[in-house]
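Down below is the structure, laid out as structure tokens.
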Amino acid sequence: MKRHSLSRRLISSVLLVELVFAVAVIALAAAYERHAHMHSFDIMLQGRADALLGSVQDAEDPADNVMLDRTGLELPSEDVYEVRDSNGRLLGRSANWQGPDPRDVASTGNRVYLTKVDGHRYRVLALHGLRVVDPGDKGGGTPRHILVVYGARTSHMWHEVRNAIVFFSLSNLVLLIVTGVLMTWLLHRGLAPMRELAAEAENISIYRWKFQPPESAVETRELAPLASALSAAMQRLEASFAQQRRFVSDAAHELKTAVAVVKSSLQLLGMRQRTTEEYEAGVEVSLMDCERIEEIVARMLTLARAEHRNTGENAAGIADIADSAISIAQQFQSMAEVRSATLTLAVREHAFVPLSSEECSLLCSNLLLNALQHSPPQSEVRVVVQPEVDWVGLRIEDQGDGIEPALLPHVFERFSRGDPSRSRNTGGTGLGLAICKAIVDRAGGTIVLQSEPGQGTTAVVRLPRASEPAATVPAEASLQATPSA
Amino acid sequence: MRVLVVEDEVRLADNLAAALREGPGFAVDCAEDGELGGELARQGCYDLIVLDLMLPRVDGLTMLRQLRARDNATPVLILTAKDGAASTIELLNAGADDYLSKPFDLGELIARAKALIRRGKGASHPLLTVADIEVNTLEQTVRRAGRLIDLSPTEYRILEYMVHRPRVIVSKRELLEHLYDYNWEHHSNVIEAHISNLRKKLGADTDQQAVETLRGRGYRLVAEPATLTPGSVG
């Protein structure tokens with residue numbers, strides 16, 4: 001992949017803008033120089049033509065003619081001129097010229113035009129002047145119309161204009177180079193905090209999560225948000241990795257122990273000759289142990305899924321937890337009968353929560369299973385679904401032995417061994433409540449166990465209430481299925 | 001020999017206990033959590049503790065540290081499901097004598113258990129010899145002066161325990177504590193009968209008594225044939 005350099009881009013942009021301005025400045029300057037030089041050139045032409053006009057004198061002859069008196073006139077030798085009177089008589093002409101093209105000077109009025117003399121470019125002024133000759137004592141005299149045509153080489157003027165352009169171009173080039181060098185240096189200095197931040201970020205690995213944004217980056221207004229975002233992201237990642245590591249370690253312990261049970265059972269069978277009955281019993285026990293491994297694996301995967309979705313967007317869907325509670329209670333009815341416990345449902349209306357229906361069922365069945373497993377005979381397990389304005393409450397109450405207060409904070413931990421009698425001995429995997437917590441957390445709700453030893457335990461779940469999805473079965477229809485127990 | 005198994009997975013604890021009883025014929029007690037395990041271990045009547053690490057109430061490592069802090073020198077074999085050098089070093093430094101990773105081999109566990117008990121009693125070889133009595137703890141056979149002696153399991157266990165403690169007076173209570181599990185009191189009146197049988201079998205063709213009875217104090221395995229005074233105590 002081609003990499004772009006931010007500083008190179010910045011420098012190029014600035015230089016490009018500067019170049020455009022430089023070209024414009026040079027063009028403007030050139031236009032102005034040309035105009036100014038042309039103007040002074042024309043004034044010079046005018047002056048020299050006027051001087052020639054002034055040199056036209058009375059010829060003192062009977063025909064009252066005029067003549068050109070060139071004494072005292074100092075004109076550059078390369079200039080060309082021609083002076084004629086109104087009759088077209090040539091009064092004088094520079095030696096290096098054959099005279100203007102008659103068409104160029106035919107019209108009356110002054111005009112400036114360009115021509116070529118001996119291969120050189122000339123700017124020529126045709127001046128129709130009035131010269132009063134022979135003035136008497138009382139003034140007056142005879143006015144004579146004189147045509148002065150005066151030209152000078154333009155090469156000098158153009159040379160100067162070109163010099164000016166070259167000067168401007170060179171100055172701008174120097175300015176561009178200085179800007180480029182200065183910007184490179186300043187940007188290099190200015191971007192140092194960014195490089196320091198990158199260097200610090202480079203040190204992060206899955207073994208080293210520490211990210212201490214450098215002072216320079218924190219103090220830079222543009223980099224501070226990036227630095228703090230990186231810090232926060234690292235902390236979240238580290239926490240998530242630590243959680244994953246702990247999960248893997250716990251899972252390894254749990255699975256290895258479960259495998260150790262199977263292995264030791266089988267090895268025990270092989271330690272000496274046994275009767276067929278003993279072998280049969282051993283195989284049956286090993287099979288049960290294998291089923292336990294299966295259950296642990298299935299539950300770990302469920303938990304991993306529930307926790308994984310925890311980090312994703314809130315897209316699980318919307319389900320009726322009242323509906324789930326009813327169907328799960330029906331499923332557990334026979335288990336309750338076996339334990340001669342009573343299962344009571346207090347579910348009056350729909351209660352939609354932002355969970356998928358599978359998650360709702362999982363939540364209800366895990367909590368209900370826990371409650372039933374710890375219910376003594378002739379006791380009651382109550383399931384209450386209570387929608388409020390913004391929340392939906394789910395309570396599952398049992399009248400079992402309860403949990404010791406010291407163990408309560410740990411009941412939601414994965415593979416919690418809070419109370420062996422609450423997990424292992426009842427065949428639990430220590431994952432049921434962890435799964436419940438992951439599901440409830442994902443939905444933005446809370447779950448707590450309230451328990452007093454000997455008084456029973458109540459699981460209290462609060463879930464945010466979701467709006468009813470458009471297509472749903474009418475409340476009466478599904479709630480008629482409520483067991484009357 | 002009496003072993004304490006501290007393991008919260010009941011099925012595993014049962015299997016371990018069964019294997020240790022059936023194989024080397026140890027007496028086995030089980031504890032499901034570190035608290036109970038610690039209490040039992042402190043009584044000091046165990047020759048080996050098999051300890052799981054992840055336990056309810058008090059974890060295995062803490063229990064081990066508490067035990068060692070009380071100068072309890074019972075050999076401890078750790079069962080761990082976590083691998084990694086750091087954890088192993090920590091375990092051994094905390095006073096563990098050996099460790100096994102789950103899932104382990106029962107045969108290996110039994111062999112390690114025997115080795116740890118042997119070491120705990122100050123012996124290095126599985127063949128134990130006191131005077132002319134030779135006890136092979138691997139085959140669980142006993143010879144005296146080269147002649148194979150047929151002993152019942154209990155008689156063998158008594159002799160094995162005493163061979164580990166030559167020249168020391170072993171009380172009846174100590175024998176009971178180390179050879180039977182927690183309901184040892186039910187067996188208290190059979191020890192004398194077993195000792196008597198043992199003495200008969202060991203001394204079948206020699207007039208030298210192998211086991212002395214010190215009235216009111218206990219029994220002693222006679223170490224030096226030369227120091228024996230025939231018929232000294234009856």
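Chain lettering (A, B, ...) mirrors the order of the structure tokens, residue numbering begins at 1 for each chain separately, and ligand numbering begins at 1 in order of display.
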Hey, what's within 12 Å of Ser286 (chain A) if we count only C-alpha atoms and toss same-chain stuff fewer than 3 positions away? As a PDB file with C-alpha atoms, in the first residue's frame, please?
ATOM      1  CA  ALA A 258     -13.883 -33.270  34.977  1.00  0.00           C
ATOM      2  CA  VAL A 259     -11.536 -35.265  32.753  1.00  0.00           C
ATOM      3  CA  ALA A 260      -9.562 -36.323  35.824  1.00  0.00           C
ATOM      4  CA  VAL A 261     -12.777 -37.762  37.269  1.00  0.00           C
ATOM      5  CA  VAL A 262     -13.435 -39.867  34.162  1.00  0.00           C
ATOM      6  CA  LYS A 263      -9.824 -40.976  33.864  1.00  0.00           C
ATOM      7  CA  SER A 264      -9.515 -41.923  37.520  1.00  0.00           C
ATOM      8  CA  SER A 265     -12.848 -43.785  37.419  1.00  0.00           C
ATOM      9  CA  LEU A 266     -11.674 -45.878  34.487  1.00  0.00           C
ATOM     10  CA  GLN A 267      -8.209 -46.464  35.960  1.00  0.00           C
ATOM     11  CA  LEU A 268      -9.785 -47.473  39.238  1.00  0.00           C
ATOM     12  CA  LEU A 269     -11.815 -50.080  37.345  1.00  0.00           C
ATOM     13  CA  TYR A 279     -17.647 -53.055  35.624  1.00  0.00           C
ATOM     14  CA  GLU A 280     -21.190 -52.213  34.535  1.00  0.00           C
ATOM     15  CA  ALA A 281     -21.602 -49.786  37.418  1.00  0.00           C
ATOM     16  CA  GLY A 282     -18.211 -48.253  36.589  1.00  0.00           C
ATOM     17  CA  VAL A 283     -19.110 -47.758  32.935  1.00  0.00           C
ATOM     18  CA  ASP A 289     -19.117 -38.113  34.216  1.00  0.00           C
ATOM     19  CA  CYS A 290     -18.795 -37.684  30.433  1.00  0.00           C
ATOM     20  CA  GLU A 291     -22.237 -36.118  30.317  1.00  0.00           C
ATOM     21  CA  ARG A 292     -21.088 -33.681  32.950  1.00  0.00           C
ATOM     22  CA  ILE A 293     -18.122 -32.692  30.775  1.00  0.00           C
TER      23      ILE A 293
ATOM     24  CA  ARG B  11     -16.457 -37.767  42.430  1.00  0.00           C
ATOM     25  CA  LEU B  12     -12.720 -37.243  42.043  1.00  0.00           C
ATOM     26  CA  ASN B  15     -11.991 -42.170  43.127  1.00  0.00           C
TER      27      ASN B  15
END
Per-residue nearest contacts chain B to chain A, cut-off 7 Å, using only C-alpha atoms, as JSON lines:
{"residue": "B:Glu9", "atom": "CA", "partner": "A:Arg424", "partner_atom": "CA", "distance": 6.8}
{"residue": "B:Arg11", "atom": "CA", "partner": "A:Val261", "partner_atom": "CA", "distance": 6.3}
{"residue": "B:Leu12", "atom": "CA", "partner": "A:Val261", "partner_atom": "CA", "distance": 4.8}
{"residue": "B:Asn15", "atom": "CA", "partner": "A:Ser265", "partner_atom": "CA", "distance": 6.0}
{"residue": "B:Ala19", "atom": "CA", "partner": "A:Leu268", "partner_atom": "CA", "distance": 6.0}
{"residue": "B:Pro56", "atom": "CA", "partner": "A:Arg417", "partner_atom": "CA", "distance": 5.3}
{"residue": "B:Ala81", "atom": "CA", "partner": "A:His253", "partner_atom": "CA", "distance": 4.7}
{"residue": "B:Lys82", "atom": "CA", "partner": "A:His253", "partner_atom": "CA", "distance": 6.3}
{"residue": "B:Lys102", "atom": "CA", "partner": "A:Lys256", "partner_atom": "CA", "distance": 5.5}
{"residue": "B:Pro103", "atom": "CA", "partner": "A:Ala260", "partner_atom": "CA", "distance": 4.0}
{"residue": "B:Phe104", "atom": "CA", "partner": "A:Ala260", "partner_atom": "CA", "distance": 6.4}
{"residue": "B:Leu106", "atom": "CA", "partner": "A:Ser264", "partner_atom": "CA", "distance": 6.1}
For this session: Just the strand (DSSP E) stuff from region 318-414 of chain A, please, per backbone DSSP, written as a PyMOL selection string.
Result: chain A and resi 319-320+342-347+352-353+380-387+391-397
Those selected residues, please, written with C-alpha atoms and delivered as a PDB file, in the first residue's frame.
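Resulting contents of selection23.pdb:
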ATOM      1  CA  ALA A 319     -38.990 -10.788  23.798  1.00  0.00           C
ATOM      2  CA  ASP A 320     -41.737 -11.230  26.328  1.00  0.00           C
ATOM      3  CA  THR A 342     -45.075 -26.129  44.704  1.00  0.00           C
ATOM      4  CA  LEU A 343     -44.370 -23.879  41.748  1.00  0.00           C
ATOM      5  CA  THR A 344     -46.425 -20.673  41.828  1.00  0.00           C
ATOM      6  CA  LEU A 345     -46.591 -18.152  39.004  1.00  0.00           C
ATOM      7  CA  ALA A 346     -47.602 -14.532  39.441  1.00  0.00           C
ATOM      8  CA  VAL A 347     -47.577 -13.251  35.883  1.00  0.00           C
ATOM      9  CA  PHE A 352     -41.170  -6.969  26.927  1.00  0.00           C
ATOM     10  CA  VAL A 353     -37.429  -6.741  27.536  1.00  0.00           C
ATOM     11  CA  GLU A 380     -42.922 -23.205  47.566  1.00  0.00           C
ATOM     12  CA  VAL A 381     -41.076 -21.605  44.646  1.00  0.00           C
ATOM     13  CA  ARG A 382     -42.649 -18.354  43.456  1.00  0.00           C
ATOM     14  CA  VAL A 383     -42.025 -16.768  40.068  1.00  0.00           C
ATOM     15  CA  VAL A 384     -43.144 -13.128  39.826  1.00  0.00           C
ATOM     16  CA  VAL A 385     -43.007 -11.008  36.681  1.00  0.00           C
ATOM     17  CA  GLN A 386     -43.895  -7.399  37.427  1.00  0.00           C
ATOM     18  CA  PRO A 387     -43.732  -4.759  34.696  1.00  0.00           C
ATOM     19  CA  TRP A 391     -38.479  -1.539  34.233  1.00  0.00           C
ATOM     20  CA  VAL A 392     -39.540  -5.144  34.335  1.00  0.00           C
ATOM     21  CA  GLY A 393     -38.985  -6.977  37.597  1.00  0.00           C
ATOM     22  CA  LEU A 394     -38.463 -10.757  37.714  1.00  0.00           C
ATOM     23  CA  ARG A 395     -38.373 -12.397  41.133  1.00  0.00           C
ATOM     24  CA  ILE A 396     -37.789 -16.070  41.814  1.00  0.00           C
ATOM     25  CA  GLU A 397     -38.203 -16.977  45.481  1.00  0.00           C
TER      26      GLU A 397
END
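Restricting the calculation to only C-alpha atoms, the smallest distance between Lys172 (chain B) and any of B:Thr213, B:Thr137, B:Thr88, B:Thr80 is found for B:Thr213.
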I'd like the neighbourhood of Leu4 (chain B) as a PDB file with C-alpha atoms, in the first residue's frame, where a residue qualifies if any of its atoms comes within 7 Å (using only C-alpha atoms), though same-chain residues fewer than 6 positions away should be ignored.
ATOM      1  CA  VAL B  28      -8.027 -42.294  53.495  1.00  0.00           C
ATOM      2  CA  ASP B  29     -10.040 -39.317  54.756  1.00  0.00           C
ATOM      3  CA  CYS B  30     -11.613 -36.764  52.453  1.00  0.00           C
ATOM      4  CA  TYR B  46      -1.644 -38.051  58.361  1.00  0.00           C
ATOM      5  CA  LEU B  48       0.429 -37.588  53.335  1.00  0.00           C
ATOM      6  CA  ILE B  49      -1.946 -34.854  52.216  1.00  0.00           C
ATOM      7  CA  VAL B  50      -3.253 -34.836  48.641  1.00  0.00           C
TER       8      VAL B  50
END
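Using only C-alpha atoms, the nearest neighbour of His178 (chain B) within the list B:Arg157, B:Arg68, B:Arg165, B:Arg147 is B:Arg157.
The interatomic distance for the pair CA of Gly317 (chain A) and CA of Arg414 (chain A) works out to 25.7 Å.
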Problem set entry | Contacts of Gly44 (chain B) at 10 Å (only C-alpha atoms; same-chain gap of 6+ positions) as a PyMOL selection string | chain B and resi 72-74+177-178
For N, CA and C atoms, I'd like the residues from the last selection saved as a compact mmCIF listing (two decimals), in the first residue's frame.
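This went into part26.txt:
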# COMPACT_ATOMS: atom_id res chain seq x y z
N ASN B 72 3.83 -27.93 60.61
CA ASN B 72 3.35 -29.26 60.26
C ASN B 72 4.15 -29.73 59.05
N ALA B 73 4.86 -30.86 59.22
CA ALA B 73 5.79 -31.30 58.16
C ALA B 73 5.22 -32.42 57.31
N THR B 74 3.92 -32.69 57.43
CA THR B 74 3.32 -33.77 56.64
C THR B 74 3.60 -33.53 55.15
N GLU B 177 -4.29 -44.23 64.59
CA GLU B 177 -4.45 -42.97 63.86
C GLU B 177 -3.90 -43.05 62.44
N HIS B 178 -2.80 -43.76 62.30
CA HIS B 178 -2.14 -43.77 61.00
C HIS B 178 -2.60 -44.90 60.09
Problem set entry | 8 Å contact set for Val148 (chain A), only C-alpha atoms, chain neighbours under 3 positions out, as a PyMOL selection string | chain A and resi 49+52-53+81-84+125-129
For this session: Output as a count of residues only all residues of region 66-312 of chain A that backbone DSSP marks as helix (DSSP H, G or I).
Result: 137
